[in-house]
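Have a look at the structure below before the remarks.
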Amino acid sequence: MRHLLPALMIALSVSAEPARPTAREALKPFNQLVGRWKGSGAPDGTPDQRQKGHWTETVAWEWQFKGDDAWLTVAFENGKHFTRGEVRANPARDGFVLKLSTPDKVVKEFAGAFKDRNLVFERADPAAKTVERLTVALLHDNRVTYRLETKPDRGTLWTKKYQVGLTKEGVAFADVGPAANECIVSGGNGTMAVSHNGKTYYVCCSGCRDEFKADPEKYVKEWEAKRKK
């Protein structure tokens, strides 16, 4: 009996550990970003420098699924600094990994976390001996910004390089309330109707639409279970 106690205690401690969220659950902070956004960017500096360096871009976020895995992709139309990217959950660090491609086809990998409605990512650049910080601020359902700052790798003072303000396409700026319908796949704001067995549900993007159509019974079952709680 004495020999069984240590093993029993270990088994109990293991079973008591909370289950890690799935990738789909971990990435829920990004639901607000799903959709198309009109952006206006400018470098930091004097009014004249900001005016001369000003640009406009369109940013589109979308869910992607493969089996039990889930991630989000982002595409930049006329982006000055980035062309495309993806973000995935990083369970080992309870955070996220963001990969962004630049116009000259360099892939930058950032690691970050979600705090106080800000998604904050950082990456070290050993060649330049600097650290880059990319902050995505979720201001409203239809208003977000992202900005890039840098600092010396052994320094503490951050310098802002540029900032982009974005508004969601097709949504009035004054309308800051959540959508009336919830995406049956991601839990985000449902903007597209889908149907199954004569009932109508909503999804937030084409990625969630395709995932729902691939296995509607799975998501209807999850939806019904959620509604009963």
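The chains in the structure tokens are called A, B, ... from first to last as shown; in each chain the residues are counted from 1, and the ligands are counted from 1 in the order shown.
The shell of residues at most 8 Å from A:Gly207, with only C-alpha atoms counted and near chain neighbours (fewer than 4 positions) removed, consists of Glu62, Trp63, Gln64, Phe65 and Glu211 of chain A.
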Using only C-alpha atoms, the residue out of A:Lys115, A:Arg24, A:Lys151, A:His54 with shortest distance to A:Val131 is A:Lys151
Find, counting only C-alpha atoms, the residue in A:Glu86, A:Glu57, A:Glu217, A:Glu149 that gets nearest to A:Ser195. A:Glu217
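Summary of the local environment: counting only C-alpha atoms, residues at most 12 Å from A:Arg154, other than itself and those fewer than 6 positions away along its chain, are Ala124, Asp125, Pro126, Ala128, Lys129, Thr130 and Val131 of chain A.
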What's around A:Ala60 at 10 Å? Count only C-alpha atoms, leave out sequence neighbours fewer than 5 positions away in its own chain, and write the answer as a PyMOL selection string. chain A and resi 33-38+73-77+84+168-169
